Amino acid sequence: MQVSAKRLRADIEANAQFGIVPDVEGHGRTVLTGTDENKRARDRFVRRLEDAGLEVTVDAVGNIVGRWVPPGADPSLAPVAAGSHLDSVPQGGIFDGPLGTYAALEAVRAMQDASVSPGRPVHVVCFTEEEGQRFGNGLLGSSVATGRLSVEEALSLEDESGTTLADSLERIGYRGEGQIDAAEWDAWLELHIEQGTRLEEAGAAAGVVTSITGITHCYIDVRGEANHAGSTPMHDRTDALAAASALILDLESSAHRIVSSESPSAVATVGKATVSPNATNVIPGTVRLGVDIRDIEAASMEALVADLEASGERVESERDVEVSISRPYDIPPEPMANRCREALLEAGSSTGIETLRLHSGAAHDTMNVARVTDAGLVFAPSRDGISHNPQEWTDWEDCAGATTVLAAALGTLASE
């Protein structure tokens, strides 16, 4: 069974023309859910599914499924599914999402070309709004497919202009019917670019993910007192930004401590700050910080949150400010299924493609799917680890190599 590197490259390059970002170094695209660019990308993908003889359906939130029933397969058996997404971040790269979506299709075509006929149906899937750039916080399509979000909740989500997901999908012709139920799949595989440098540094063509990181978002509100920057003595200030800075440095120190003593994969980031009144000559009166905490170990995530809360109490006492911390977003780490990992590792071994075991520090649709069925995730190398950027690049040889691993593993799982 041989994947066609030429065919896969042609698919990705054709898809890269939708939402193309001109006059940038590299290869950029902007494809937001429900836009004309998204419609064109979807239309081409559907045509390619149909060209391969797959039966295409679209569910109520725009998730696309191409179903292949191999000759001699039992159509009543639970299918094995694979895929990714076609939407992008603004001025993103051409591989994030489309590589996994078209690799899943190429895996089916490779099986067809080699007359490989596994006993289970195979589904090729494109999830809606993985990036969360227009509607919701991300992983929308897979959240609906796994029951974490209802169809009604998803369709009612609005973008900044007040347009709902329902209206945007209706406009481009991709508001279908029904609801994908990922729990009905026997297994799921996704190919994605690594968005890091571990594979490149190791010289490995594919990475077999052992676990996907958990994610916690906290919001810290610090309230001091706004006052004149020139006439307020230093000893008589209640500076919310200075207090917030102490919290940021405390969190950084906590993360370094946990990395050195408990879990080397833990990370903590303060990536957003809103300062008020945000004037050069006014002492900041209020600050809101957005905190992102991640790890493959739930205990270290909890320890970082506990340290953050303790820091808040200390800063409150020492600096005479009010500190409140909320935690509205919390997703636990998700290990990949042993049978899927083993299928991917064996695929690398049997095809002569070097693989590396590693964890994922980014969320993917697989994180949701793994909660309801056996799931696996395989990475392709990212040059210099760059992603969400027109400089994002994966060599075509590596695209084909990782797709070969995906195809072999998909064939194995569909034959079980």
# chains A, B, ... in the order shown; residues from 1 in each chain; ligands from 1
$ closest_atom_pairs --of "range 238-333 of chain A" --to "range 209-225 of chain A" --cutoff "6 Å" --atoms "only C-alpha atoms" --output "tab-separated table"
residue	atom	partner	partner_atom	distance
A:Thr238	CA	A:Gly224	CA	5.0
A:Asp239	CA	A:Gly224	CA	5.6
A:Ala240	CA	A:Gly224	CA	4.7
A:Gly285	CA	A:Glu225	CA	4.3
A:Thr286	CA	A:Arg223	CA	4.5
A:Val287	CA	A:Val222	CA	5.1
A:Arg288	CA	A:Asp221	CA	4.6
A:Leu289	CA	A:Ile220	CA	5.0
A:Gly290	CA	A:Tyr219	CA	4.9
A:Val291	CA	A:Cys218	CA	5.0
A:Asp292	CA	A:His217	CA	4.8
A:Ile293	CA	A:Thr216	CA	5.1
A:Arg294	CA	A:Ile215	CA	4.7
A:Asp295	CA	A:Thr213	CA	4.9
A:Ile296	CA	A:Thr213	CA	4.3
A:Val321	CA	A:Gly224	CA	4.9
A:Glu322	CA	A:Arg223	CA	5.0
A:Val323	CA	A:Val222	CA	4.7
A:Ser324	CA	A:Asp221	CA	5.2
A:Ile325	CA	A:Ile220	CA	4.6
A:Ser326	CA	A:Tyr219	CA	5.3
A:Arg327	CA	A:Cys218	CA	4.4
A:Tyr329	CA	A:His217	CA	5.1
A:Asp330	CA	A:Thr216	CA	4.4
A:Ile331	CA	A:Ile215	CA	5.1
A:Pro332	CA	A:Gly214	CA	4.3
A:Pro333	CA	A:Gly214	CA	3.7
$ select_by_dssp --residues "range 249-383 of chain A" --states "strand (DSSP E or B)" --output "VMD selection string"
chain A and resid 267 to 276 282 to 283 286 to 295 322 to 331 334 to 335 355 to 360 374 to 380
$ closest_residue --among "A:Ala380, A:Ala299, A:Leu139, A:Leu32" --to "Asp159 in chain A" --atoms "only C-alpha atoms"
A:Leu32
$ closest_residue --among "A:Ser349, A:Ser382, A:Ser260, A:Thr57" --to "Glu201 in chain A" --atoms "only C-alpha atoms"
A:Ser382
$ atom_distance --atom1 "CA of Ala41 in chain A" --atom2 "CA of Ile12 in chain A"
10.5 Å
$ residues_around --residues "Val282 in chain A" --least-positions-apart "2" --cutoff "7 Å" --atoms "only C-alpha atoms" --output "list of chain:residue names"
A:Ala226, A:Asn227, A:His228, A:Ala229, A:Ala279, A:Thr280, A:Pro284
$ select_by_dssp --residues "range 38-173 of chain A" --states "alpha helix (DSSP H)" --output "ChimeraX atom specification"
/A:38-51,98-113,140-145,151-155,165-172
$ closest_residue --among "A:Ser76, A:Gln391, A:Ser150, A:Ser142" --to "Pro121 in chain A" --atoms "only C-alpha atoms"
A:Ser76
$ residues_around --residues "Glu37 in chain A" --least-positions-apart "2" --cutoff "12 Å" --atoms "only C-alpha atoms" --output "ChimeraX atom specification"
/A:15-21,29-35,39-44,86-88,172
